[in-house]
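Pasted below: my_file14.pdb, PDB, C-alpha atoms.
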```pdb
ATOM      1  CA  MET A   1      60.348-154.748 -32.483  1.00  0.00           C
ATOM      2  CA  LEU A   2      61.455-157.040 -29.678  1.00  0.00           C
ATOM      3  CA  ASN A   3      64.022-156.328 -26.996  1.00  0.00           C
ATOM      4  CA  ILE A   4      66.416-159.271 -26.963  1.00  0.00           C
ATOM      5  CA  ASN A   5      68.842-157.866 -24.403  1.00  0.00           C
ATOM      6  CA  TYR A   6      69.688-160.250 -21.598  1.00  0.00           C
ATOM      7  CA  GLY A   7      67.052-160.171 -18.863  1.00  0.00           C
ATOM      8  CA  LYS A   8      64.370-158.712 -21.143  1.00  0.00           C
ATOM      9  CA  ASN A   9      61.409-160.325 -22.903  1.00  0.00           C
ATOM     10  CA  GLY A  10      61.286-163.351 -20.605  1.00  0.00           C
ATOM     11  CA  GLY A  11      58.652-165.220 -22.594  1.00  0.00           C
ATOM     12  CA  LEU A  12      60.662-165.148 -25.786  1.00  0.00           C
ATOM     13  CA  MET A  13      63.879-166.036 -23.985  1.00  0.00           C
ATOM     14  CA  ALA A  14      62.195-168.966 -22.231  1.00  0.00           C
ATOM     15  CA  SER A  15      60.988-170.327 -25.557  1.00  0.00           C
ATOM     16  CA  CYS A  16      64.360-169.983 -27.296  1.00  0.00           C
ATOM     17  CA  ARG A  17      67.241-171.063 -25.111  1.00  0.00           C
ATOM     18  CA  PRO A  18      70.001-170.341 -27.695  1.00  0.00           C
ATOM     19  CA  LEU A  19      68.722-166.760 -28.018  1.00  0.00           C
ATOM     20  CA  LYS A  20      68.830-166.328 -24.241  1.00  0.00           C
ATOM     21  CA  GLU A  21      72.356-167.712 -24.152  1.00  0.00           C
ATOM     22  CA  TYR A  22      73.443-165.441 -26.998  1.00  0.00           C
ATOM     23  CA  ALA A  23      71.923-162.452 -25.163  1.00  0.00           C
ATOM     24  CA  TRP A  24      73.964-163.484 -22.107  1.00  0.00           C
ATOM     25  CA  LEU A  25      77.130-163.566 -24.228  1.00  0.00           C
ATOM     26  CA  VAL A  26      76.471-160.075 -25.637  1.00  0.00           C
ATOM     27  CA  GLU A  27      75.798-158.754 -22.122  1.00  0.00           C
ATOM     28  CA  LYS A  28      79.118-160.157 -20.867  1.00  0.00           C
ATOM     29  CA  ILE A  29      80.955-158.581 -23.802  1.00  0.00           C
ATOM     30  CA  ARG A  30      79.362-155.205 -23.004  1.00  0.00           C
ATOM     31  CA  GLU A  31      80.250-155.502 -19.314  1.00  0.00           C
ATOM     32  CA  ASN A  32      83.917-156.213 -20.035  1.00  0.00           C
ATOM     33  CA  LYS A  33      84.438-153.963 -23.069  1.00  0.00           C
ATOM     34  CA  ALA A  34      85.591-150.904 -21.111  1.00  0.00           C
ATOM     35  CA  SER A  35      88.209-152.727 -19.077  1.00  0.00           C
ATOM     36  CA  LEU A  36      89.395-155.321 -21.610  1.00  0.00           C
ATOM     37  CA  GLY A  37      88.746-153.763 -25.005  1.00  0.00           C
ATOM     38  CA  ILE A  38      86.436-155.402 -27.504  1.00  0.00           C
ATOM     39  CA  GLU A  39      88.695-158.359 -28.392  1.00  0.00           C
ATOM     40  CA  GLY A  40      89.525-159.127 -24.763  1.00  0.00           C
ATOM     41  CA  ALA A  41      85.878-158.798 -23.786  1.00  0.00           C
ATOM     42  CA  ILE A  42      84.846-161.305 -26.464  1.00  0.00           C
ATOM     43  CA  ASP A  43      87.509-163.794 -25.369  1.00  0.00           C
ATOM     44  CA  GLU A  44      86.544-163.380 -21.718  1.00  0.00           C
ATOM     45  CA  ALA A  45      82.846-163.867 -22.470  1.00  0.00           C
ATOM     46  CA  ILE A  46      83.509-167.032 -24.481  1.00  0.00           C
ATOM     47  CA  ASN A  47      85.824-168.359 -21.744  1.00  0.00           C
ATOM     48  CA  CYS A  48      83.150-167.759 -19.084  1.00  0.00           C
ATOM     49  CA  ILE A  49      80.260-169.467 -20.887  1.00  0.00           C
ATOM     50  CA  PRO A  50      78.630-171.895 -18.457  1.00  0.00           C
ATOM     51  CA  GLU A  51      79.167-175.602 -19.246  1.00  0.00           C
ATOM     52  CA  TYR A  52      75.425-176.220 -19.629  1.00  0.00           C
ATOM     53  CA  PHE A  53      74.882-173.581 -22.379  1.00  0.00           C
ATOM     54  CA  GLU A  54      73.797-175.188 -25.642  1.00  0.00           C
ATOM     55  CA  ILE A  55      75.806-172.703 -27.703  1.00  0.00           C
ATOM     56  CA  ARG A  56      79.044-173.226 -25.744  1.00  0.00           C
ATOM     57  CA  GLN A  57      80.663-175.864 -27.959  1.00  0.00           C
ATOM     58  CA  PHE A  58      79.753-173.973 -31.131  1.00  0.00           C
ATOM     59  CA  LEU A  59      81.197-170.708 -29.856  1.00  0.00           C
ATOM     60  CA  ILE A  60      84.384-172.338 -28.618  1.00  0.00           C
ATOM     61  CA  GLY A  61      84.753-174.383 -31.812  1.00  0.00           C
ATOM     62  CA  HIS A  62      84.219-171.321 -34.002  1.00  0.00           C
ATOM     63  CA  ARG A  63      85.923-168.774 -31.751  1.00  0.00           C
ATOM     64  CA  ALA A  64      87.746-166.957 -34.576  1.00  0.00           C
ATOM     65  CA  GLU A  65      84.591-166.532 -36.675  1.00  0.00           C
ATOM     66  CA  VAL A  66      82.543-165.497 -33.635  1.00  0.00           C
ATOM     67  CA  LYS A  67      85.199-162.985 -32.658  1.00  0.00           C
ATOM     68  CA  ASP A  68      85.370-161.528 -36.175  1.00  0.00           C
ATOM     69  CA  MET A  69      81.582-161.257 -36.336  1.00  0.00           C
ATOM     70  CA  CYS A  70      81.353-159.567 -32.940  1.00  0.00           C
ATOM     71  CA  ILE A  71      84.136-157.111 -33.766  1.00  0.00           C
ATOM     72  CA  THR A  72      82.479-156.284 -37.095  1.00  0.00           C
ATOM     73  CA  GLU A  73      79.124-155.702 -35.373  1.00  0.00           C
ATOM     74  CA  TYR A  74      80.771-153.609 -32.661  1.00  0.00           C
ATOM     75  CA  ASN A  75      82.707-151.501 -35.165  1.00  0.00           C
ATOM     76  CA  GLU A  76      79.570-150.980 -37.254  1.00  0.00           C
ATOM     77  CA  ALA A  77      77.558-149.870 -34.225  1.00  0.00           C
ATOM     78  CA  GLU A  78      80.390-147.595 -33.089  1.00  0.00           C
ATOM     79  CA  THR A  79      80.682-146.087 -36.579  1.00  0.00           C
ATOM     80  CA  LEU A  80      76.927-145.467 -36.782  1.00  0.00           C
ATOM     81  CA  GLN A  81      77.009-143.795 -33.365  1.00  0.00           C
ATOM     82  CA  MET A  82      79.896-141.568 -34.471  1.00  0.00           C
ATOM     83  CA  ILE A  83      78.005-140.618 -37.651  1.00  0.00           C
ATOM     84  CA  ARG A  84      74.908-139.757 -35.581  1.00  0.00           C
ATOM     85  CA  GLU A  85      76.958-137.591 -33.226  1.00  0.00           C
ATOM     86  CA  GLU A  86      78.632-135.799 -36.137  1.00  0.00           C
ATOM     87  CA  GLY A  87      75.225-135.171 -37.707  1.00  0.00           C
ATOM     88  CA  ARG A  88      73.885-133.754 -34.458  1.00  0.00           C
ATOM     89  CA  GLU A  89      76.878-131.443 -34.126  1.00  0.00           C
ATOM     90  CA  GLU A  90      76.498-130.284 -37.731  1.00  0.00           C
ATOM     91  CA  GLY A  91      72.835-129.566 -37.046  1.00  0.00           C
ATOM     92  CA  ARG A  92      73.661-127.608 -33.909  1.00  0.00           C
ATOM     93  CA  GLU A  93      76.312-125.630 -35.803  1.00  0.00           C
ATOM     94  CA  GLU A  94      73.858-124.848 -38.605  1.00  0.00           C
ATOM     95  CA  GLY A  95      71.319-123.750 -36.022  1.00  0.00           C
ATOM     96  CA  ARG A  96      73.828-121.465 -34.318  1.00  0.00           C
ATOM     97  CA  GLU A  97      74.818-119.941 -37.664  1.00  0.00           C
ATOM     98  CA  GLU A  98      71.192-119.416 -38.698  1.00  0.00           C
ATOM     99  CA  GLY A  99      70.502-117.767 -35.332  1.00  0.00           C
ATOM    100  CA  ALA A 100      73.510-115.484 -35.750  1.00  0.00           C
ATOM    101  CA  ARG A 101      72.400-114.573 -39.298  1.00  0.00           C
ATOM    102  CA  LYS A 102      68.931-113.709 -38.067  1.00  0.00           C
ATOM    103  CA  THR A 103      70.301-111.632 -35.218  1.00  0.00           C
ATOM    104  CA  ALA A 104      72.712-109.832 -37.564  1.00  0.00           C
ATOM    105  CA  ARG A 105      69.885-109.026 -40.021  1.00  0.00           C
ATOM    106  CA  ASN A 106      67.721-107.649 -37.214  1.00  0.00           C
ATOM    107  CA  MET A 107      70.577-105.557 -35.874  1.00  0.00           C
ATOM    108  CA  LEU A 108      71.309-104.183 -39.360  1.00  0.00           C
ATOM    109  CA  LYS A 109      67.649-103.215 -39.728  1.00  0.00           C
ATOM    110  CA  ARG A 110      67.973-101.254 -36.482  1.00  0.00           C
ATOM    111  CA  GLY A 111      71.046 -99.449 -37.774  1.00  0.00           C
ATOM    112  CA  THR A 112      73.728-101.275 -35.837  1.00  0.00           C
ATOM    113  CA  SER A 113      77.126-101.050 -37.550  1.00  0.00           C
ATOM    114  CA  PHE A 114      78.950-104.042 -39.021  1.00  0.00           C
ATOM    115  CA  ASP A 115      81.742-103.555 -36.465  1.00  0.00           C
ATOM    116  CA  GLU A 116      79.327-103.634 -33.518  1.00  0.00           C
ATOM    117  CA  ILE A 117      77.491-106.695 -34.826  1.00  0.00           C
ATOM    118  CA  ALA A 118      80.779-108.542 -35.385  1.00  0.00           C
ATOM    119  CA  GLU A 119      81.924-107.674 -31.882  1.00  0.00           C
ATOM    120  CA  ILE A 120      78.634-108.642 -30.213  1.00  0.00           C
ATOM    121  CA  LEU A 121      78.303-111.932 -32.117  1.00  0.00           C
ATOM    122  CA  GLU A 122      82.051-112.597 -31.880  1.00  0.00           C
ATOM    123  CA  LEU A 123      82.251-113.261 -35.616  1.00  0.00           C
ATOM    124  CA  PRO A 124      84.472-111.897 -38.386  1.00  0.00           C
ATOM    125  CA  ILE A 125      83.191-108.665 -39.889  1.00  0.00           C
ATOM    126  CA  ASP A 126      83.578-110.147 -43.391  1.00  0.00           C
ATOM    127  CA  MET A 127      81.039-112.817 -42.476  1.00  0.00           C
ATOM    128  CA  ILE A 128      78.536-110.183 -41.339  1.00  0.00           C
ATOM    129  CA  ARG A 129      79.066-108.243 -44.569  1.00  0.00           C
ATOM    130  CA  SER A 130      78.564-111.363 -46.715  1.00  0.00           C
ATOM    131  CA  TRP A 131      75.317-112.140 -44.888  1.00  0.00           C
ATOM    132  CA  ALA A 132      74.161-108.579 -45.490  1.00  0.00           C
ATOM    133  CA  ARG A 133      74.900-108.934 -49.243  1.00  0.00           C
ATOM    134  CA  GLU A 134      73.029-112.271 -49.383  1.00  0.00           C
ATOM    135  CA  SER A 135      69.911-110.832 -47.795  1.00  0.00           C
ATOM    136  CA  GLY A 136      69.880-107.886 -50.173  1.00  0.00           C
TER     137      GLY A 136
END
```
Structure re-expressed in structure tokens:
Amino acid sequence: MLNINYGKNGGLMASCRPLKEYAWLVEKIRENKASLGIEGAIDEAINCIPEYFEIRQFLIGHRAEVKDMCITEYNEAETLQMIREEGREEGREEGREEGARKTARNMLKRGTSFDEIAEILELPIDMIRSWARESG
């Protein structure tokens, strides 16, 4: 895997000028995204492309397609990040529930009442009772 972010992997960037210029464009979009939004950041990056960039005329001539492609890529990356975060939260929630179940089982073994367990764990008593039924 190669890092093609702007300013990284100098040897590769030196050997492929269009890739270096594209990496510059992506970097400018990232820099401006927070203040201009994704569409504004793309327009600003294309408008600021230095005259000597080989990819300049192509990007300006195909601005609409470039913009659509960048927005699609951005939305896909944002969606994947959101899915990852949701998965992490679900995992944390499952871990908390499993920990509470284990604690409740141990407390029941020691003779703690359902009411006390529910109060200590700050959970509904019905949940504690259902866990007790599941564990036999």
Nearest to Pro124 of chain A, restricted to only C-alpha atoms and choosing among A:Gly91, A:Leu19, A:Ala100, A:Arg110, comes out as A:Ala100
List the spatial neighbours of Arg129 of chain A as a ChimeraX atom specification - criterion: any atom at most 12 Å away, only C-alpha atoms, same-chain residues fewer than 5 positions off excluded.
/A:101,104-105,108,113-118,123-124,134-136
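With atom CA of Ile29 of chain A on one side and atom CA of Asp43 of chain A on the other, the separation reads 8.5 Å.
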Run the PyMOL selection byres ((chain A and resi 54) around 12) mentally over the shown coordinates, then write out the matched residues as a list of chain:residue names, using the chain letters and numbers from the document.
A:Cys16, A:Arg17, A:Pro18, A:Leu19, A:Lys20, A:Glu21, A:Tyr22, A:Ile49, A:Pro50, A:Glu51, A:Tyr52, A:Phe53, A:Ile55, A:Arg56, A:Gln57, A:Phe58, A:Leu59, A:Ile60
Do a neighbour search on Asn3 of chain A at 12 Å with only C-alpha atoms, toss out local chain neighbours closer than 5 positions, and write the hits as an NGL selection string.
:A and (8-13 or 19-20 or 23)
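For the pair atom CA of Gln81 of chain A and atom CA of Gly99 of chain A, the interatomic distance is 26.9 Å.
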